Structure formats: structure tokens, C-alpha cells
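Below: one structure, written as C-alpha cells.
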Amino acid sequence: MSETLLAASGLTIGYRHPRQPADVVAENLQFELGAGEFVCIVGPNGAGKSTLIRTIAAMQQPLAGKVLLQGLDIHRLPATELARTVSVVLTERVGVGAMRSEALVALGRYPYTDWFGTLSADDHDIVQWAIDAVKAAELAERDFNTLSDGERQKILIARALAQQPRLMVLDEPTAFLDLPRRVELMALLRTLAHDTGQTMLMSTHDLDLALRTADRMWLLPHGGPLHAGAPEDLVLSGAFEQAFASEGVTFDTSTGAFTMDVRVRGAVRVVGEGLVAKWTSRALQRAGYEVTRADAPVRVELSTVDGMQTWQVTDAEGSIRCASLYEVVSVLRSLSGAK
């Protein structure tokens with residue numbers, strides 16, 4: 001078990017208003033965070049993930065309780081000490097004008113420089129290390145405002161790394177990225193946590209990626225409580241399924257994926273093996289058919305004709321050969337009279 005870096009007990013988060021009752025987002029939260037962990041905060045919209053992130057980062061005060069960083073109240077730390085211990089990457093797009101990416105990364109050294117912001121040789125080495133750590137050397141001389149969303153996130157994470165924090169807090173860092181860049185970024189954060197010993201705590205809506213990459217997950221349902229554990233622990237306990245319960249959507253604990261509730265149109269036997277059979281089954285299930293290996297009124301048989309993959313759909317009336325899964329689903333729907 002790694003050393004405890006961050007802890008809270010009886011924490012209530014929300015927003016205060018002058019002469020009005022406070023808006024409580026979540027209360028009685030308890031957690032511990034170890035050094036060198038990659039932890040993802042997940043939960044339904046409005047549960048308080050961003051509010052929790054901002055409270056942990058000392059960007060807003062808790063309504064009750066304390067957040068302890070290495071045993072000290074994080075909201076009472078001097079600004080310089082806080083900046084040397086915690087770095088933050090937020091969702092909002094950053095407008096910095098015509099600033100070179102390397103110069104933006106160098107801003108991460110501000111807790112260590114003098115009043116004039118003069119960088120020492122060691123500072124320059126750390127800036128270069130941070131850029132190399134996120135694999136962004138080719139971006140260093142480019143203006144930040146010319147970068148793609150994925151490239152910008154790399155530079156912002158490099159800036160946060162340059163602070164040499166014990167804890168990096170990220171609020172939805174994958175929000176503007178396409179799927180390949182989201183995968184790349186999650187893998188990068190996990191690698192950085194394990195290689196540097198820095199703790200990475202991020203909120204995310206990428207549930208599938210969080211399940212696959214996080215060392216631990218913090219699951220925050222509406223109203224709490226906060227569930228913490230390995231992703232698989234949260235799935236097996238039922239906490240994950242319960243937190244995301246929604247009409248028309250089901251979390252499939254056997255696959256670790258969300259599925260839509262669809263009307264079952266009938267059973268189809270799939271005859272074949274391997275990757276094609278797997279994706280054939282997925283296509284049929286998506287279309288509302290129960291896939292079985294046992295006898296069924298309709299059979300879909302995989303075969304190769306003249307080097308081309310084909311599917312033969314057979315029922316009591318005869319057989320139809322198809323050249324694509326789109327065609328297979330269309331044939332099945334016509335057989336059942338479905339639209």
C-alpha cells in the first residue's frame with residue numbers, strides 16, 4: 001500500500017450564497033489517495049465531480065470537513081507551497097495568444113522562480129523533461145494557439161508536470177478529444193503516475209476508458225456516498241450499475257459496457273468462429289436479436305466464397321446469401337416484418 005497523500009473525512013461540498021442557505025452538492029464524503037496512483041472520478045451528470053475536483057484543488061472552500069494534503073489542511077497552505085504540491089488542468093479552453101508552447105510549459109516553474117520569473121539551468125532542464133515526458137518535443141516551438149485539442153492537452157499537462165507536484169488534478173481533460181486521442185491521453189497519465197510517483201486524479205465521463213486504465217476509481221452517485229476501489233470491485237459490488245441506473249440503459253456487468261434496452265425480435269443461431277462471428281453477434285444483438293449457439297428458427301452461417309466473407313441467412317422458407325452485416329440485418333428484419 002502506497003503512502004497516503006490526500007485524505008478527507010466528513011467532507012461536504014457545494015456552494016455558499018450570501019444570506020441564503022448553501023447549495024449542498026454532496027456530503028459526508030470520505031476518501032484516501034495514495035502516492036503514484038492514477039485515479040478516475042466518475043459519476044452521473046450533476047453528481048458533483050467538478051465541484052469535488054475544485055474543492056480538492058483548493059479552488060473553493062468545503063462547506064464542512066477538511067481536505068488533508070500530507071496531513072495538512074489544503075485550504076490553509078500558503079500559495080507557494082500549494083503550487084509546489086498541487087497542479088491543476090481544467091476543462092476550459094486556455095487562451096494565451098501567440099505564446100510558444102515551450103514558454104507556456106515554462107510557466108509551470110513560477111513557484112520556484114524569483115520575482116522576475118528568471119529560469120535557472122535546472123528550470124530549463126525540468127521544462128524540457130516535462131515536454132519529453134508527454135512526447136511533445138515537436139510541439140515546443142509552435143504557437144500554442146495553432147495546436148489541435150489533443151496537442152494542447154499535452155502541453156497543458158507538461159506545464160502541470162513542470163510544477164513538479166505531488167498531486168496533479170485534472171477536470172475532464174479528454175472532453176474535446178476524439179477517441180484515439182482520449183485513449184492516448186489516458187495511457188499517458190497512467191504511465192506518468194507509475195513512472196514519476198506523482199498522483200494523477202482526474203474526473204471523466206469516459207467510463208469505458210476509466211474501467212480499463214484506472215488503478216482505482218472514485219464513484220460519486222447523486223447525493224453520495226463516494227465509493228472507492230479497483231474498477232472491478234465497483235462493478236462486482238453493484239455500485240457502478242446502481243449509480244448509472246437509467247430508464248432505457250443498462251450496465252452489463254459481464255462485458256463492462258452500457259447497453260440500450262431493445263425489443264427482442266427473436267432468436268438467431270450464429271454458425272461460425274473467430275473475430276467475424278464475434279462482430280456478427282454484436283451486430284445482431286444491436287439490432288435486437290438474441291444470439292444463440294443452439295437451434296433457432298433462423299440461422300446465420302459464416303462462410304468464405306472466392307476469398308470474400310459472406311453470411312448465409314436460412315429459415316424455414318429458404319436461404320439468402322449476404323455480402324455484409326448491414327445486409328444480414330436487413331434480411332432478418334424483412335423476415336420478421338420489422339422496420
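Each chain in the C-alpha cells gets a letter, A, B and so on, in the order shown; residues start at 1 in every chain, and ligands are counted from 1 in the order they appear.
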Would you list the contacts of Leu284 (chain A) as a compact mmCIF listing (two decimals) with all heavy atoms, in the first residue's frame, taking every protein, DNA or RNA residue within 9 Å and counting only C-alpha atoms, but skipping same-chain residues closer than 3 positions in sequence?
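Once written, part.txt looks like this:
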# COMPACT_ATOMS: atom_id res chain seq x y z
N VAL A 268 -31.59 -16.02 -33.04
CA VAL A 268 -30.84 -16.34 -34.25
C VAL A 268 -29.63 -17.18 -33.85
O VAL A 268 -28.90 -16.81 -32.92
CB VAL A 268 -30.38 -15.07 -34.99
CG1 VAL A 268 -29.54 -15.44 -36.21
CG2 VAL A 268 -31.57 -14.21 -35.39
N TRP A 279 -18.19 -10.23 -34.14
CA TRP A 279 -18.80 -8.99 -34.61
C TRP A 279 -20.16 -9.24 -35.26
O TRP A 279 -21.03 -8.35 -35.25
CB TRP A 279 -17.86 -8.27 -35.57
CG TRP A 279 -16.76 -7.59 -34.82
CD1 TRP A 279 -15.50 -8.07 -34.58
CD2 TRP A 279 -16.83 -6.33 -34.17
NE1 TRP A 279 -14.78 -7.19 -33.82
CE2 TRP A 279 -15.57 -6.10 -33.55
CE3 TRP A 279 -17.82 -5.37 -34.03
CZ2 TRP A 279 -15.29 -4.95 -32.82
CZ3 TRP A 279 -17.54 -4.22 -33.30
CH2 TRP A 279 -16.30 -4.02 -32.71
N THR A 280 -20.36 -10.43 -35.79
CA THR A 280 -21.70 -10.79 -36.28
C THR A 280 -22.68 -10.81 -35.12
O THR A 280 -23.79 -10.27 -35.22
CB THR A 280 -21.66 -12.16 -36.98
OG1 THR A 280 -20.78 -12.08 -38.11
CG2 THR A 280 -23.04 -12.57 -37.44
N SER A 281 -22.28 -11.42 -34.02
CA SER A 281 -23.15 -11.48 -32.85
C SER A 281 -23.46 -10.09 -32.33
O SER A 281 -24.60 -9.78 -31.96
CB SER A 281 -22.48 -12.31 -31.74
OG SER A 281 -22.30 -13.65 -32.16
N ALA A 287 -29.25 -5.06 -33.17
CA ALA A 287 -30.50 -4.97 -33.92
C ALA A 287 -31.68 -5.58 -33.17
O ALA A 287 -32.81 -5.52 -33.64
CB ALA A 287 -30.34 -5.65 -35.27
N GLY A 288 -31.40 -6.18 -31.99
CA GLY A 288 -32.49 -6.68 -31.17
C GLY A 288 -32.72 -8.18 -31.23
O GLY A 288 -33.77 -8.66 -30.81
N TYR A 289 -31.73 -8.92 -31.73
CA TYR A 289 -31.88 -10.38 -31.83
C TYR A 289 -31.08 -11.07 -30.74
O TYR A 289 -29.97 -10.65 -30.38
CB TYR A 289 -31.42 -10.86 -33.21
CG TYR A 289 -32.29 -10.34 -34.32
CD1 TYR A 289 -31.94 -9.17 -35.01
CD2 TYR A 289 -33.47 -10.98 -34.67
CE1 TYR A 289 -32.74 -8.66 -36.01
CE2 TYR A 289 -34.29 -10.47 -35.67
CZ TYR A 289 -33.93 -9.32 -36.33
OH TYR A 289 -34.73 -8.82 -37.32
N GLU A 290 -31.66 -12.12 -30.20
CA GLU A 290 -30.97 -12.95 -29.21
C GLU A 290 -30.09 -13.95 -29.94
O GLU A 290 -30.58 -14.76 -30.74
CB GLU A 290 -31.99 -13.69 -28.34
CG GLU A 290 -31.36 -14.60 -27.31
CD GLU A 290 -32.37 -15.43 -26.55
OE1 GLU A 290 -33.58 -15.23 -26.76
OE2 GLU A 290 -31.94 -16.30 -25.76
N VAL A 291 -28.80 -13.87 -29.70
CA VAL A 291 -27.84 -14.74 -30.39
C VAL A 291 -27.64 -16.01 -29.57
O VAL A 291 -27.44 -15.96 -28.36
CB VAL A 291 -26.49 -14.02 -30.60
CG1 VAL A 291 -25.47 -14.96 -31.22
CG2 VAL A 291 -26.70 -12.79 -31.48
N LEU A 325 -22.77 -7.33 -43.11
CA LEU A 325 -23.63 -7.44 -41.94
C LEU A 325 -24.82 -6.50 -42.02
O LEU A 325 -25.90 -6.79 -41.49
CB LEU A 325 -22.82 -7.17 -40.66
CG LEU A 325 -21.91 -8.32 -40.22
CD1 LEU A 325 -20.96 -7.88 -39.12
CD2 LEU A 325 -22.73 -9.52 -39.77
N VAL A 328 -27.24 -8.51 -43.78
CA VAL A 328 -27.77 -9.57 -42.92
C VAL A 328 -28.90 -9.03 -42.04
O VAL A 328 -29.98 -9.63 -41.94
CB VAL A 328 -26.65 -10.16 -42.04
CG1 VAL A 328 -27.24 -11.08 -40.97
CG2 VAL A 328 -25.65 -10.92 -42.87
N VAL A 329 -28.66 -7.89 -41.39
CA VAL A 329 -29.67 -7.30 -40.52
C VAL A 329 -30.92 -6.92 -41.31
O VAL A 329 -32.06 -7.13 -40.86
CB VAL A 329 -29.10 -6.08 -39.77
CG1 VAL A 329 -30.18 -5.33 -39.01
CG2 VAL A 329 -28.00 -6.51 -38.82
| said: Env of region 27-38 of chain A: 7 Å cut, atoms = only C-alpha atoms, seq-sep filter 4 positions within chain, self excluded. Answer as a list in words. | reply: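 What passes the distance filter is Ser2, Glu3, Thr4, Leu5, Leu6, Ala7, Ala8, Ser9, Gly10, Leu11, Thr12, Ile13, Arg190, Ala193, His194, Gly197, Gln198, Thr199, Met200, Leu201, Ala214, Asp215, Arg216, Gly224, Pro225 and Leu226 of chain A.
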One residue among A:Lys49, A:Ile41, A:Asp23, A:Met308 is nearest to Ala230 (chain A) when using only C-alpha atoms, and that residue is A:Ile41
request  = Compile the contact shell of Gln128 (chain A) as a ChimeraX atom specification: residues with an atom at most 9 Å away, counting only C-alpha atoms, same-chain residues fewer than 3 positions apart removed.
outcome  = /A:102,105-106,123-125,131-133,137,162
**Message:** Taking the DSSP secondary structure from the backbone, can you list the residues of region 64-286 of chain A that are strand (DSSP E or B), as an NGL selection string?
**Reply:** :A and (64-69 or 72-73 or 86-89 or 100 or 143 or 167-171 or 199-203 or 216-219 or 227-229 or 246 or 249-252 or 257-260 or 266-271)
Using only C-alpha atoms, the shortest atom-to-atom distance to Glu327 (chain A) among A:Thr213, A:Thr51, A:Gln312, A:Gln60 belongs to A:Gln312
Exercise for the section: Would you kindly return, as JSON, numbers by chain, each protein, DNA or RNA residue with an atom no farther than 12 Å from any atom of Ser246 (chain A), considering only C-alpha atoms and excluding same-chain residues fewer than 3 positions away? Expected result: {"A": [44, 240, 241, 242, 243, 249, 250, 251, 258, 259, 260, 261]}
May I have the selected residues written with C-alpha atoms, as a PDB file, in the first residue's frame?
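In the end it all went to selection01.pdb:
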ATOM      1  CA  PRO A  44     -23.619  10.787 -13.472  1.00  0.00           C
ATOM      2  CA  PHE A 240     -21.420   1.009 -10.699  1.00  0.00           C
ATOM      3  CA  GLU A 241     -24.670  -0.368 -12.094  1.00  0.00           C
ATOM      4  CA  GLN A 242     -26.726   1.377  -9.398  1.00  0.00           C
ATOM      5  CA  ALA A 243     -25.042   4.769  -9.855  1.00  0.00           C
ATOM      6  CA  VAL A 249     -29.953   1.976 -20.457  1.00  0.00           C
ATOM      7  CA  THR A 250     -28.386  -0.978 -18.647  1.00  0.00           C
ATOM      8  CA  PHE A 251     -24.842  -1.583 -17.454  1.00  0.00           C
ATOM      9  CA  PHE A 258     -23.568   0.073 -21.298  1.00  0.00           C
ATOM     10  CA  THR A 259     -26.315  -1.309 -23.491  1.00  0.00           C
ATOM     11  CA  MET A 260     -29.622   0.095 -24.642  1.00  0.00           C
ATOM     12  CA  ASP A 261     -32.782  -1.781 -23.823  1.00  0.00           C
TER      13      ASP A 261
END
**Request:** Tell me which protein, DNA and RNA residues are within 7 Å of Asp315 (chain A), counting only C-alpha atoms, leaving out same-chain ones fewer than 2 positions away, and put them as number ranges by chain.
**Result:** A: 297-299, 313, 317-319
Enumerate, as a list in words, the complete set of residues in region 20-108 of chain A that a backbone-based DSSP assignment places in alpha helix (DSSP H).
->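 Selecting the alpha helix (DSSP H) positions of region 20-108 of chain A gives Lys49, Ser50, Thr51, Leu52, Ile53, Arg54, Thr55, Ile56, Ala79, Thr80, Glu81, Leu82, Ala83, Arg84, Thr85, Ser101, Glu102, Ala103, Leu104, Val105 and Ala106 of chain A.
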Discussion item. When you look at Ala239 (chain A) with a cut-off of 12 Å (counting only C-alpha atoms), what residues show up, excluding the ones that are within fewer than 2 positions of it in the same chain? I need them as a ChimeraX atom specification.
Written reply: /A:42-43,217-221,224-237,241-245,251,253
Deliver the residues from the most recent selection as a file, using N, CA, C and O atoms, as a tab-separated table (two decimals), in the first residue's frame.
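Saved as part-v3.tsv:
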chain	number	residue	atom	x	y	z
A	42	VAL	N	-15.65	9.24	-11.44
A	42	VAL	CA	-16.75	9.07	-12.39
A	42	VAL	C	-18.07	9.20	-11.64
A	42	VAL	O	-18.13	9.07	-10.42
A	43	GLY	N	-19.11	9.46	-12.39
A	43	GLY	CA	-20.43	9.58	-11.80
A	43	GLY	C	-21.36	10.23	-12.80
A	43	GLY	O	-20.92	10.80	-13.81
A	217	MET	N	-10.95	3.78	-8.91
A	217	MET	CA	-12.00	4.70	-9.32
A	217	MET	C	-12.71	5.23	-8.09
A	217	MET	O	-12.89	4.52	-7.10
A	218	TRP	N	-13.05	6.52	-8.15
A	218	TRP	CA	-13.95	7.11	-7.17
A	218	TRP	C	-15.29	7.29	-7.87
A	218	TRP	O	-15.39	8.01	-8.87
A	219	LEU	N	-16.29	6.62	-7.37
A	219	LEU	CA	-17.62	6.65	-7.98
A	219	LEU	C	-18.53	7.51	-7.12
A	219	LEU	O	-18.78	7.19	-5.95
A	220	LEU	N	-19.00	8.62	-7.68
A	220	LEU	CA	-19.82	9.58	-6.94
A	220	LEU	C	-21.23	9.60	-7.53
A	220	LEU	O	-21.47	10.25	-8.55
A	221	PRO	N	-22.18	8.89	-6.91
A	221	PRO	CA	-23.57	8.97	-7.37
A	221	PRO	C	-24.23	10.23	-6.84
A	221	PRO	O	-23.67	10.94	-5.98
A	224	GLY	N	-24.18	11.08	-3.04
A	224	GLY	CA	-23.18	10.24	-2.38
A	224	GLY	C	-23.79	8.90	-1.98
A	224	GLY	O	-24.91	8.57	-2.37
A	225	PRO	N	-23.07	8.09	-1.20
A	225	PRO	CA	-21.70	8.32	-0.74
A	225	PRO	C	-20.69	8.04	-1.85
A	225	PRO	O	-21.04	7.48	-2.89
A	226	LEU	N	-19.45	8.43	-1.60
A	226	LEU	CA	-18.37	8.18	-2.55
A	226	LEU	C	-17.88	6.75	-2.39
A	226	LEU	O	-17.53	6.33	-1.29
A	227	HIS	N	-17.91	5.98	-3.48
A	227	HIS	CA	-17.39	4.62	-3.47
A	227	HIS	C	-15.99	4.63	-4.08
A	227	HIS	O	-15.77	5.21	-5.14
A	228	ALA	N	-15.03	3.99	-3.44
A	228	ALA	CA	-13.67	3.94	-3.93
A	228	ALA	C	-13.19	2.50	-3.99
A	228	ALA	O	-13.50	1.69	-3.10
A	229	GLY	N	-12.46	2.17	-5.05
A	229	GLY	CA	-11.92	0.83	-5.16
A	229	GLY	C	-11.42	0.58	-6.56
A	229	GLY	O	-11.52	1.44	-7.45
A	230	ALA	N	-10.86	-0.60	-6.77
A	230	ALA	CA	-10.48	-1.00	-8.13
A	230	ALA	C	-11.73	-1.00	-9.00
A	230	ALA	O	-12.84	-1.27	-8.52
A	231	PRO	N	-11.61	-0.67	-10.29
A	231	PRO	CA	-12.78	-0.67	-11.15
A	231	PRO	C	-13.60	-1.95	-11.06
A	231	PRO	O	-14.84	-1.92	-11.00
A	232	GLU	N	-12.91	-3.07	-11.02
A	232	GLU	CA	-13.61	-4.36	-10.97
A	232	GLU	C	-14.37	-4.53	-9.65
A	232	GLU	O	-15.44	-5.13	-9.63
A	233	ASP	N	-13.83	-4.00	-8.55
A	233	ASP	CA	-14.52	-4.06	-7.26
A	233	ASP	C	-15.86	-3.33	-7.33
A	233	ASP	O	-16.87	-3.80	-6.81
A	234	LEU	N	-15.86	-2.16	-7.96
A	234	LEU	CA	-17.08	-1.36	-8.04
A	234	LEU	C	-18.12	-2.02	-8.94
A	234	LEU	O	-19.32	-1.91	-8.70
A	235	VAL	N	-17.66	-2.70	-9.98
A	235	VAL	CA	-18.59	-3.42	-10.85
A	235	VAL	C	-19.20	-4.61	-10.11
A	235	VAL	O	-20.41	-4.81	-10.11
A	236	LEU	N	-18.35	-5.39	-9.46
A	236	LEU	CA	-18.82	-6.61	-8.79
A	236	LEU	C	-19.72	-6.29	-7.60
A	236	LEU	O	-20.61	-7.08	-7.27
A	237	SER	N	-19.50	-5.15	-6.95
A	237	SER	CA	-20.34	-4.78	-5.79
A	237	SER	C	-21.72	-4.30	-6.20
A	237	SER	O	-22.61	-4.18	-5.35
A	241	GLU	N	-23.38	-0.21	-11.43
A	241	GLU	CA	-24.67	-0.37	-12.09
A	241	GLU	C	-25.74	0.51	-11.45
A	241	GLU	O	-26.54	1.14	-12.13
A	242	GLN	N	-25.73	0.59	-10.12
A	242	GLN	CA	-26.73	1.38	-9.40
A	242	GLN	C	-26.54	2.87	-9.65
A	242	GLN	O	-27.52	3.60	-9.82
A	243	ALA	N	-25.30	3.34	-9.69
A	243	ALA	CA	-25.04	4.77	-9.85
A	243	ALA	C	-25.50	5.27	-11.21
A	243	ALA	O	-25.92	6.43	-11.34
A	244	PHE	N	-25.43	4.42	-12.23
A	244	PHE	CA	-25.78	4.85	-13.58
A	244	PHE	C	-27.10	4.27	-14.05
A	244	PHE	O	-27.37	4.25	-15.26
A	245	ALA	N	-27.93	3.79	-13.10
A	245	ALA	CA	-29.23	3.26	-13.48
A	245	ALA	C	-30.04	4.34	-14.17
A	245	ALA	O	-30.16	5.47	-13.69
A	251	PHE	N	-26.26	-1.26	-17.52
A	251	PHE	CA	-24.84	-1.58	-17.45
A	251	PHE	C	-24.71	-3.10	-17.39
A	251	PHE	O	-25.20	-3.75	-16.48
A	253	THR	N	-22.79	-6.11	-16.55
A	253	THR	CA	-21.64	-6.45	-15.72
A	253	THR	C	-20.77	-7.53	-16.34
A	253	THR	O	-19.60	-7.67	-15.97
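With only C-alpha atoms as the atoms that count, the residue of A:Phe116, A:Val86, A:Gly48, A:Gly14 with the shortest distance to Leu63 (chain A) is A:Gly14.
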Find the residues around Pro180 (chain A) up to 12 Å (only C-alpha atoms counted), leave out those fewer than 6 positions away in its own chain, and share them as number ranges by chain. A: 150, 174, 186-187, 209
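Rounded to one decimal, CA of Asn45 (chain A) and CA of Val262 (chain A) lie 23.7 Å from each other.
Relative to CA of Thr204 (chain A), CA of Leu147 (chain A) is found at 22.4 Å.
Picture a line from CA of Pro78 (chain A) to CA of Leu161 (chain A); it runs 19.9 Å.
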